[in-house]
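Data from start.pdb: PDB, C-alpha atoms, pLDDT in the B column
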MODEL        1
ATOM      1  CA  MET N  99      29.355 -19.445  18.153  1.00 50.00           C
ATOM      2  CA  PHE N 100      28.471 -21.371  14.987  1.00 64.00           C
ATOM      3  CA  GLY N 101      31.779 -20.768  13.267  1.00 69.00           C
ATOM      4  CA  TYR N 102      30.312 -18.218  10.865  1.00 71.00           C
ATOM      5  CA  THR N 103      32.536 -15.309   9.893  1.00 73.00           C
ATOM      6  CA  PHE N 104      30.889 -12.089   8.779  1.00 74.00           C
ATOM      7  CA  TYR N 105      32.339 -10.269   5.763  1.00 75.00           C
ATOM      8  CA  TRP N 106      30.726  -6.859   5.659  1.00 80.00           C
ATOM      9  CA  SER N 107      32.987  -5.520   2.914  1.00 79.00           C
ATOM     10  CA  MET N 108      30.884  -7.345   0.300  1.00 79.00           C
ATOM     11  CA  VAL N 109      27.768  -5.614   1.580  1.00 81.00           C
ATOM     12  CA  TRP N 110      29.363  -2.175   1.329  1.00 85.00           C
ATOM     13  CA  GLU N 111      30.327  -2.881  -2.279  1.00 84.00           C
ATOM     14  CA  LYS N 112      26.703  -3.640  -3.140  1.00 86.00           C
ATOM     15  CA  LEU N 113      25.216  -0.931  -0.931  1.00 89.00           C
ATOM     16  CA  PRO N 114      24.387   1.388  -3.891  1.00 91.00           C
ATOM     17  CA  ASP N 115      22.271  -1.418  -5.392  1.00 91.00           C
ATOM     18  CA  LEU N 116      20.452  -1.923  -2.084  1.00 91.00           C
ATOM     19  CA  ILE N 117      19.800   1.809  -1.748  1.00 93.00           C
ATOM     20  CA  ALA N 118      18.411   1.903  -5.288  1.00 94.00           C
ATOM     21  CA  GLY N 119      16.152  -1.020  -4.384  1.00 93.00           C
ATOM     22  CA  ALA N 120      15.043   0.759  -1.210  1.00 93.00           C
ATOM     23  CA  LYS N 121      14.091   3.829  -3.263  1.00 94.00           C
ATOM     24  CA  THR N 122      11.954   1.658  -5.528  1.00 94.00           C
ATOM     25  CA  THR N 123      10.321   0.048  -2.476  1.00 94.00           C
ATOM     26  CA  LEU N 124       9.533   3.428  -0.931  1.00 91.00           C
ATOM     27  CA  GLU N 125       8.191   4.781  -4.209  1.00 93.00           C
ATOM     28  CA  LEU N 126       5.938   1.759  -4.743  1.00 94.00           C
ATOM     29  CA  THR N 127       4.617   1.910  -1.193  1.00 93.00           C
ATOM     30  CA  VAL N 128       3.776   5.612  -1.283  1.00 90.00           C
ATOM     31  CA  LEU N 129       2.244   5.594  -4.771  1.00 95.00           C
ATOM     32  CA  SER N 130       0.177   2.451  -4.147  1.00 95.00           C
ATOM     33  CA  MET N 131      -1.145   3.911  -0.888  1.00 92.00           C
ATOM     34  CA  ILE N 132      -2.107   7.197  -2.541  1.00 93.00           C
ATOM     35  CA  ILE N 133      -3.892   5.410  -5.387  1.00 96.00           C
ATOM     36  CA  GLY N 134      -5.375   2.847  -3.000  1.00 95.00           C
ATOM     37  CA  THR N 135      -6.663   5.563  -0.670  1.00 92.00           C
ATOM     38  CA  LEU N 136      -8.437   7.438  -3.458  1.00 93.00           C
ATOM     39  CA  LEU N 137      -9.998   4.238  -4.763  1.00 95.00           C
ATOM     40  CA  ALA N 138     -10.940   3.089  -1.258  1.00 93.00           C
ATOM     41  CA  LEU N 139     -12.786   6.317  -0.485  1.00 90.00           C
ATOM     42  CA  VAL N 140     -14.964   5.751  -3.560  1.00 91.00           C
ATOM     43  CA  LEU N 141     -15.436   2.041  -2.791  1.00 92.00           C
ATOM     44  CA  SER N 142     -16.366   2.700   0.834  1.00 87.00           C
ATOM     45  CA  ILE N 143     -19.082   5.151  -0.211  1.00 84.00           C
ATOM     46  CA  LEU N 144     -20.437   2.776  -2.869  1.00 87.00           C
ATOM     47  CA  ARG N 145     -20.347  -0.078  -0.349  1.00 84.00           C
ATOM     48  CA  ARG N 146     -22.834   1.788   1.844  1.00 75.00           C
ATOM     49  CA  GLN N 147     -25.470   1.821  -0.892  1.00 73.00           C
ATOM     50  CA  SER N 148     -28.450  -0.453  -0.419  1.00 66.00           C
ATOM     51  CA  SER N 149     -28.403  -1.692  -4.027  1.00 73.00           C
ATOM     52  CA  GLY N 150     -27.133  -0.947  -7.517  1.00 80.00           C
ATOM     53  CA  ILE N 151     -24.130  -1.684  -9.698  1.00 88.00           C
ATOM     54  CA  GLY N 152     -21.856   0.460  -7.492  1.00 83.00           C
ATOM     55  CA  LEU N 153     -22.564  -1.793  -4.524  1.00 85.00           C
ATOM     56  CA  ARG N 154     -21.874  -4.940  -6.545  1.00 90.00           C
ATOM     57  CA  VAL N 155     -18.628  -3.604  -7.994  1.00 90.00           C
ATOM     58  CA  SER N 156     -17.314  -2.405  -4.637  1.00 90.00           C
ATOM     59  CA  ALA N 157     -18.344  -5.598  -2.836  1.00 90.00           C
ATOM     60  CA  SER N 158     -16.664  -7.781  -5.478  1.00 92.00           C
ATOM     61  CA  TRP N 159     -13.469  -5.689  -5.407  1.00 93.00           C
ATOM     62  CA  ILE N 160     -13.252  -5.887  -1.613  1.00 92.00           C
ATOM     63  CA  GLU N 161     -13.978  -9.621  -1.514  1.00 94.00           C
ATOM     64  CA  VAL N 162     -11.289 -10.464  -4.065  1.00 94.00           C
ATOM     65  CA  ALA N 163      -8.669  -8.115  -2.586  1.00 94.00           C
ATOM     66  CA  ARG N 164      -9.179  -9.290   0.993  1.00 93.00           C
ATOM     67  CA  ASN N 165      -9.690 -13.018   0.429  1.00 94.00           C
ATOM     68  CA  THR N 166      -7.048 -13.941  -2.127  1.00 94.00           C
ATOM     69  CA  PRO N 167      -3.259 -13.882  -1.565  1.00 93.00           C
ATOM     70  CA  ALA N 168      -1.426 -10.748  -2.664  1.00 92.00           C
ATOM     71  CA  LEU N 169       0.967 -12.998  -4.590  1.00 93.00           C
ATOM     72  CA  PHE N 170      -1.972 -14.407  -6.567  1.00 93.00           C
ATOM     73  CA  GLN N 171      -3.091 -10.881  -7.448  1.00 94.00           C
ATOM     74  CA  ILE N 172       0.421  -9.990  -8.628  1.00 95.00           C
ATOM     75  CA  TYR N 173       0.592 -13.123 -10.801  1.00 94.00           C
ATOM     76  CA  MET N 174      -2.823 -12.450 -12.331  1.00 94.00           C
ATOM     77  CA  ILE N 175      -1.842  -8.920 -13.300  1.00 94.00           C
ATOM     78  CA  TYR N 176       1.681  -9.694 -14.520  1.00 94.00           C
ATOM     79  CA  PHE N 177       1.317 -13.165 -16.067  1.00 93.00           C
ATOM     80  CA  GLY N 178      -2.462 -13.251 -16.555  1.00 92.00           C
ATOM     81  CA  LEU N 179      -2.673 -10.021 -18.515  1.00 90.00           C
ATOM     82  CA  GLY N 180       0.485 -11.009 -20.387  1.00 86.00           C
ATOM     83  CA  ALA N 181      -1.249 -14.206 -21.513  1.00 88.00           C
ATOM     84  CA  ILE N 182      -3.916 -12.160 -23.288  1.00 89.00           C
ATOM     85  CA  GLY N 183      -1.406  -9.826 -24.918  1.00 84.00           C
ATOM     86  CA  LEU N 184      -1.296  -7.004 -22.378  1.00 89.00           C
ATOM     87  CA  HIS N 185       2.327  -6.935 -21.268  1.00 89.00           C
ATOM     88  CA  LEU N 186       3.213  -4.724 -18.322  1.00 92.00           C
ATOM     89  CA  SER N 187       6.588  -3.961 -16.822  1.00 93.00           C
ATOM     90  CA  SER N 188       7.360  -5.511 -13.444  1.00 93.00           C
ATOM     91  CA  TYR N 189       7.120  -2.082 -11.847  1.00 95.00           C
ATOM     92  CA  MET N 190       3.739  -1.217 -13.357  1.00 95.00           C
ATOM     93  CA  ALA N 191       2.279  -4.649 -12.570  1.00 95.00           C
ATOM     94  CA  MET N 192       3.435  -4.364  -8.970  1.00 95.00           C
ATOM     95  CA  LEU N 193       2.026  -0.860  -8.620  1.00 96.00           C
ATOM     96  CA  ILE N 194      -1.376  -1.951  -9.956  1.00 96.00           C
ATOM     97  CA  ALA N 195      -1.446  -5.063  -7.755  1.00 95.00           C
ATOM     98  CA  LEU N 196      -0.476  -3.192  -4.588  1.00 96.00           C
ATOM     99  CA  SER N 197      -2.972  -0.414  -5.313  1.00 96.00           C
ATOM    100  CA  PHE N 198      -5.720  -2.982  -5.904  1.00 96.00           C
ATOM    101  CA  ASN N 199      -4.886  -4.782  -2.673  1.00 96.00           C
ATOM    102  CA  ASN N 200      -4.605  -1.605  -0.614  1.00 96.00           C
ATOM    103  CA  ALA N 201      -7.920  -0.301  -1.945  1.00 95.00           C
ATOM    104  CA  GLY N 202      -9.737  -3.458  -0.877  1.00 94.00           C
ATOM    105  CA  PHE N 203      -8.440  -3.393   2.686  1.00 94.00           C
ATOM    106  CA  LEU N 204      -8.701   0.372   3.090  1.00 94.00           C
ATOM    107  CA  ALA N 205     -12.276   0.418   1.793  1.00 93.00           C
ATOM    108  CA  GLU N 206     -13.397  -1.723   4.723  1.00 91.00           C
ATOM    109  CA  ILE N 207     -11.379   0.405   7.146  1.00 90.00           C
ATOM    110  CA  PHE N 208     -12.985   3.554   5.766  1.00 89.00           C
ATOM    111  CA  ARG N 209     -16.460   2.009   5.760  1.00 86.00           C
ATOM    112  CA  GLY N 210     -16.114   1.233   9.453  1.00 83.00           C
ATOM    113  CA  GLY N 211     -14.923   4.778  10.071  1.00 80.00           C
ATOM    114  CA  LEU N 212     -17.825   6.265   8.127  1.00 78.00           C
ATOM    115  CA  GLN N 213     -20.296   4.318  10.243  1.00 78.00           C
ATOM    116  CA  SER N 214     -18.948   6.072  13.348  1.00 77.00           C
ATOM    117  CA  ILE N 215     -19.707   9.523  11.889  1.00 75.00           C
ATOM    118  CA  PRO N 216     -23.348  10.617  12.348  1.00 71.00           C
ATOM    119  CA  LYS N 217     -25.159  10.817   9.012  1.00 75.00           C
ATOM    120  CA  GLN N 218     -26.804  14.014  10.225  1.00 73.00           C
ATOM    121  CA  GLN N 219     -23.523  15.860   9.644  1.00 73.00           C
ATOM    122  CA  TYR N 220     -23.570  14.981   5.962  1.00 70.00           C
ATOM    123  CA  VAL N 221     -27.256  15.870   5.721  1.00 72.00           C
ATOM    124  CA  ALA N 222     -26.637  19.189   7.488  1.00 77.00           C
ATOM    125  CA  ALA N 223     -23.789  20.021   5.105  1.00 75.00           C
ATOM    126  CA  ARG N 224     -26.032  19.335   2.106  1.00 74.00           C
ATOM    127  CA  SER N 225     -28.805  21.451   3.616  1.00 76.00           C
ATOM    128  CA  LEU N 226     -26.366  24.352   3.832  1.00 73.00           C
ATOM    129  CA  GLY N 227     -25.901  24.209   0.077  1.00 73.00           C
ATOM    130  CA  MET N 228     -22.812  22.024  -0.184  1.00 77.00           C
ATOM    131  CA  GLY N 229     -22.593  19.539  -3.017  1.00 76.00           C
ATOM    132  CA  ALA N 230     -22.020  15.877  -2.230  1.00 72.00           C
ATOM    133  CA  PHE N 231     -18.307  16.061  -3.069  1.00 72.00           C
ATOM    134  CA  LYS N 232     -17.755  19.175  -0.973  1.00 76.00           C
ATOM    135  CA  ALA N 233     -19.738  17.745   1.944  1.00 77.00           C
ATOM    136  CA  TYR N 234     -17.540  14.654   2.005  1.00 76.00           C
ATOM    137  CA  THR N 235     -14.215  16.452   1.533  1.00 74.00           C
ATOM    138  CA  HIS N 236     -14.893  19.321   3.959  1.00 74.00           C
ATOM    139  CA  VAL N 237     -17.040  17.653   6.625  1.00 75.00           C
ATOM    140  CA  VAL N 238     -16.916  13.861   6.531  1.00 76.00           C
ATOM    141  CA  PHE N 239     -13.412  12.897   5.406  1.00 75.00           C
ATOM    142  CA  PRO N 240     -11.460  15.068   7.910  1.00 76.00           C
ATOM    143  CA  GLN N 241     -13.303  13.292  10.718  1.00 76.00           C
ATOM    144  CA  LEU N 242     -12.881   9.936   9.016  1.00 77.00           C
ATOM    145  CA  PHE N 243      -9.084  10.196   8.896  1.00 75.00           C
ATOM    146  CA  ARG N 244      -8.963  10.908  12.626  1.00 78.00           C
ATOM    147  CA  VAL N 245     -10.939   7.727  13.289  1.00 79.00           C
ATOM    148  CA  VAL N 246      -8.985   5.409  10.982  1.00 81.00           C
ATOM    149  CA  TYR N 247      -5.487   6.726  11.657  1.00 82.00           C
ATOM    150  CA  PHE N 248      -4.059   3.635  13.381  1.00 83.00           C
ATOM    151  CA  PRO N 249      -5.614   1.037  11.018  1.00 88.00           C
ATOM    152  CA  TYR N 250      -4.372   3.169   8.112  1.00 87.00           C
ATOM    153  CA  ILE N 251      -0.797   3.081   9.440  1.00 88.00           C
ATOM    154  CA  ASN N 252      -1.061  -0.706   9.764  1.00 88.00           C
ATOM    155  CA  GLN N 253      -2.062  -0.951   6.108  1.00 91.00           C
ATOM    156  CA  LEU N 254       0.805   1.363   5.194  1.00 90.00           C
ATOM    157  CA  ASN N 255       3.264  -1.029   6.830  1.00 91.00           C
ATOM    158  CA  TRP N 256       1.527  -3.960   5.167  1.00 91.00           C
ATOM    159  CA  ALA N 257       1.967  -2.311   1.761  1.00 93.00           C
ATOM    160  CA  LEU N 258       5.660  -1.776   2.487  1.00 93.00           C
ATOM    161  CA  LEU N 259       6.141  -5.444   3.346  1.00 92.00           C
ATOM    162  CA  ASN N 260       4.010  -6.661   0.436  1.00 92.00           C
ATOM    163  CA  SER N 261       6.215  -4.726  -1.967  1.00 93.00           C
ATOM    164  CA  SER N 262       8.887  -7.384  -1.337  1.00 92.00           C
ATOM    165  CA  LEU N 263       6.769  -9.778  -3.426  1.00 93.00           C
ATOM    166  CA  GLY N 264       7.904  -7.847  -6.487  1.00 92.00           C
ATOM    167  CA  MET N 265      10.987 -10.058  -6.413  1.00 92.00           C
ATOM    168  CA  VAL N 266       8.981 -12.966  -7.869  1.00 92.00           C
ATOM    169  CA  ILE N 267       8.291 -11.043 -11.091  1.00 92.00           C
ATOM    170  CA  GLY N 268      11.850  -9.780 -11.470  1.00 88.00           C
ATOM    171  CA  LEU N 269      11.474  -6.373  -9.838  1.00 91.00           C
ATOM    172  CA  ARG N 270      14.634  -5.019  -8.217  1.00 90.00           C
ATOM    173  CA  GLU N 271      13.033  -3.477  -5.151  1.00 92.00           C
ATOM    174  CA  LEU N 272      14.846  -3.890  -1.842  1.00 92.00           C
ATOM    175  CA  THR N 273      14.271  -7.626  -1.461  1.00 92.00           C
ATOM    176  CA  GLY N 274      14.972  -8.271  -5.131  1.00 91.00           C
ATOM    177  CA  ALA N 275      18.189  -6.263  -4.998  1.00 90.00           C
ATOM    178  CA  THR N 276      19.209  -8.044  -1.792  1.00 91.00           C
ATOM    179  CA  GLN N 277      18.544 -11.474  -3.271  1.00 90.00           C
ATOM    180  CA  ALA N 278      20.537 -10.621  -6.407  1.00 88.00           C
ATOM    181  CA  ALA N 279      23.497  -9.393  -4.352  1.00 86.00           C
ATOM    182  CA  GLN N 280      23.336 -12.422  -2.061  1.00 85.00           C
ATOM    183  CA  SER N 281      23.256 -14.853  -4.986  1.00 83.00           C
ATOM    184  CA  GLU N 282      26.562 -13.453  -6.227  1.00 80.00           C
ATOM    185  CA  SER N 283      28.409 -13.655  -2.912  1.00 76.00           C
ATOM    186  CA  PHE N 284      26.416 -16.222  -0.854  1.00 79.00           C
ATOM    187  CA  ARG N 285      26.698 -13.920   2.191  1.00 78.00           C
ATOM    188  CA  THR N 286      23.099 -14.449   3.314  1.00 79.00           C
ATOM    189  CA  PHE N 287      23.258 -13.119   6.869  1.00 84.00           C
ATOM    190  CA  GLU N 288      25.131  -9.945   6.014  1.00 85.00           C
ATOM    191  CA  PHE N 289      22.884  -8.875   3.159  1.00 88.00           C
ATOM    192  CA  PHE N 290      19.564  -9.711   4.784  1.00 88.00           C
ATOM    193  CA  ILE N 291      20.530  -8.158   8.104  1.00 91.00           C
ATOM    194  CA  VAL N 292      21.255  -4.901   6.286  1.00 91.00           C
ATOM    195  CA  ALA N 293      18.012  -5.250   4.285  1.00 92.00           C
ATOM    196  CA  ALA N 294      16.040  -5.780   7.505  1.00 93.00           C
ATOM    197  CA  VAL N 295      17.528  -2.615   8.987  1.00 93.00           C
ATOM    198  CA  MET N 296      16.665  -0.709   5.812  1.00 93.00           C
ATOM    199  CA  TYR N 297      13.066  -1.961   5.929  1.00 94.00           C
ATOM    200  CA  TYR N 298      12.826  -0.802   9.537  1.00 93.00           C
ATOM    201  CA  VAL N 299      14.114   2.669   8.628  1.00 92.00           C
ATOM    202  CA  LEU N 300      11.733   2.890   5.657  1.00 89.00           C
ATOM    203  CA  SER N 301       8.831   1.906   7.895  1.00 89.00           C
ATOM    204  CA  LYS N 302       9.633   4.664  10.367  1.00 88.00           C
ATOM    205  CA  LEU N 303      10.061   7.209   7.574  1.00 84.00           C
ATOM    206  CA  ILE N 304       6.697   6.547   5.977  1.00 82.00           C
ATOM    207  CA  GLN N 305       4.973   6.388   9.355  1.00 80.00           C
ATOM    208  CA  GLY N 306       6.392   9.810  10.192  1.00 81.00           C
ATOM    209  CA  GLY N 307       5.364  11.184   6.806  1.00 77.00           C
ATOM    210  CA  ALA N 308       1.841   9.770   7.174  1.00 73.00           C
ATOM    211  CA  ARG N 309       1.516  11.250  10.641  1.00 74.00           C
ATOM    212  CA  LEU N 310       2.435  14.716   9.384  1.00 76.00           C
ATOM    213  CA  SER N 311       0.073  14.403   6.422  1.00 69.00           C
ATOM    214  CA  PHE N 312      -2.823  13.278   8.608  1.00 66.00           C
ATOM    215  CA  TRP N 313      -2.486  16.090  11.106  1.00 66.00           C
ATOM    216  CA  GLN N 314      -2.132  18.633   8.319  1.00 65.00           C
ATOM    217  CA  LEU N 315      -5.292  17.289   6.725  1.00 58.00           C
ATOM    218  CA  VAL N 316      -7.410  17.344   9.886  1.00 54.00           C
ATOM    219  CA  LYS N 317      -6.307  20.892  10.715  1.00 59.00           C
ATOM    220  CA  GLU N 318      -7.571  22.264   7.427  1.00 55.00           C
TER
ENDMDL
END

Will you turn the file into structure tokens for me?
Amino acid sequence: MFGYTFYWSMVWEKLPDLIAGAKTTLELTVLSMIIGTLLALVLSILRRQSSGIGLRVSASWIEVARNTPALFQIYMIYFGLGAIGLHLSSYMAMLIALSFNNAGFLAEIFRGGLQSIPKQQYVAARSLGMGAFKAYTHVVFPQLFRVVYFPYINQLNWALLNSSLGMVIGLRELTGATQAAQSESFRTFEFFIVAAVMYYVLSKLIQGGARLSFWQLVKE
């Protein structure tokens, strides 16, 4: 219609590079969500305190993570820390930035979920002799993950899409690998159509994996 001719052979030649980038994207997404989830559980509990340093730390973390651009956070970690002599690889900087961002958003999701669980259940667990950690992990958190399942999946997809920002600090995740391949051949449509399909497949894979993990957790 527009006189554009597709040349898919160039995409197939670079497909191994795109697959390698997709693996990096998937790895970053999963690791940052695991780290972010663990941090968010702690932050959400501290956020419910009435006062103290824990409340201030958690509130500050959440405010910065939720109200500044993810790109700004990536720059601060990669270039900002580099300016004071702490040089991180693109991969490590991206993992820290994504984990920081995920923790901020997930902490508010978890805090809302915790508010829907009667406090009496935690008190009852403690009265039965459970420690605080055991009461949360055996009584509170299994219920929490049922409540926050859908918001959690949304954040999982958001982490996947945010991982594409790694391109700006030289990371060869899926978008970075796609951009590098496109810059050599100038076949924009072909490469980014394939990348879009790969992102879609990755999204479905991690959603399926999260669903299995959630149901396994709540059954225990």

Wanna dump the region 178-212 of chain N-region 249-263 of chain N contacts at 9 Å for me, each residue with its shortest atom pair and the distance in Å to one decimal, counting all atoms listed in the file, ordered by chain and number, as JSON lines?
{"residue": "N:Met192", "atom": "CA", "partner": "N:Ser261", "partner_atom": "CA", "distance": 7.5}
{"residue": "N:Leu193", "atom": "CA", "partner": "N:Ser261", "partner_atom": "CA", "distance": 8.8}
{"residue": "N:Leu196", "atom": "CA", "partner": "N:Ala257", "partner_atom": "CA", "distance": 6.9}
{"residue": "N:Ser197", "atom": "CA", "partner": "N:Ala257", "partner_atom": "CA", "distance": 8.8}
{"residue": "N:Asn199", "atom": "CA", "partner": "N:Ala257", "partner_atom": "CA", "distance": 8.5}
{"residue": "N:Asn200", "atom": "CA", "partner": "N:Ala257", "partner_atom": "CA", "distance": 7.0}
{"residue": "N:Phe203", "atom": "CA", "partner": "N:Gln253", "partner_atom": "CA", "distance": 7.6}
{"residue": "N:Leu204", "atom": "CA", "partner": "N:Tyr250", "partner_atom": "CA", "distance": 7.2}
{"residue": "N:Ile207", "atom": "CA", "partner": "N:Pro249", "partner_atom": "CA", "distance": 7.0}
{"residue": "N:Phe208", "atom": "CA", "partner": "N:Tyr250", "partner_atom": "CA", "distance": 8.9}

**Request:** Take CA of Leu242 (chain N) and CA of Arg224 (chain N) and report the distance between them in Å, one decimal.
**Result:**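 Separating CA of Leu242 (chain N) from CA of Arg224 (chain N) is a distance of 17.6 Å.
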
**Prompt:** Just how far from CA of Ile291 (chain N) is CA of Thr127 (chain N), in Å to one decimal?
**Reply:**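 Distance reported for this atom pair: 21.0 Å.
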
**Request:** Kindly give the distance, in Å, that separates CA of Val292 (chain N) and CA of Leu269 (chain N), rounded to a single decimal.
**Result:** 18.9 Å

**Message:** Evaluated on this file, the PyMOL selection byres ((chain N and resi 212) around 10) picks out some residues - which ones are they, written as a ChimeraX atom specification?
**Reply:** /N:139,142-143,146,206-211,213-217,238-239,241-243,245-246

**Request:** Mind checking which residues fall within 10 Å of Lys112 (chain N), counting all atoms listed in the file, ignoring those fewer than 5 positions away in the same chain, and posting them as a list in words?
**Result:** Ser107, Ile117, Ala275, Thr276, Ala278, Ala279, Gln280 and Phe289 of chain N

**Message:** Quick one: residues within 7 Å of region 166-176 of chain N, only C-alpha atoms, excluding same-chain residues fewer than 2 positions away - as a list in words?
**Reply:** Val162, Ala163, Arg164, Gly178, Leu179, Gly180, Leu186, Ala191, Met192, Ala195, Asn199 and Leu263 of chain N

**Prompt:** Counting only C-alpha atoms, what is within 12 Å of Phe290 (chain N), bar same-chain residues fewer than 4 positions away, as JSON, numbers by chain?
**Reply:** {"N": [106, 109, 113, 116, 272, 273, 274, 275, 276, 277, 278, 279, 280, 281, 284, 285, 286, 294, 295, 296, 297]}

**Request:** Could you tell me which residues the PyMOL selection byres ((chain N and resi 236) around 12) grabs in this file, written as a ChimeraX atom specification?
**Result:** /N:219-220,223-224,228-235,237-243,315-318

**Asked** In terms of the shortest atom-to-atom distance over all atoms listed in the file, which of N:Met108, N:Val299, N:Met265, N:Ile160 is closest to Leu137 (chain N)?
**Response** N:Ile160

**Request:** Name the closest residue to Leu136 (chain N) among the candidates N:Tyr102, N:Trp110, N:Tyr298, N:Phe198; distances are taken between atoms, counting all atoms listed in the file.
**Result:**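 Looking at the shortest contact to Leu136 (chain N), the residue is N:Phe198.
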
**Request:** Identify which of the residues N:Leu184, N:Phe248, N:Gly202, N:Glu271 lies closest to Val155 (chain N), counting only C-alpha atoms when measuring atom-to-atom distances.
**Result:** N:Gly202

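In this comparison, which uses all atoms listed in the file, the residue of N:Leu226, N:Ala118, N:Val128, N:Leu144 approaching Leu303 (chain N) most closely is N:Val128.
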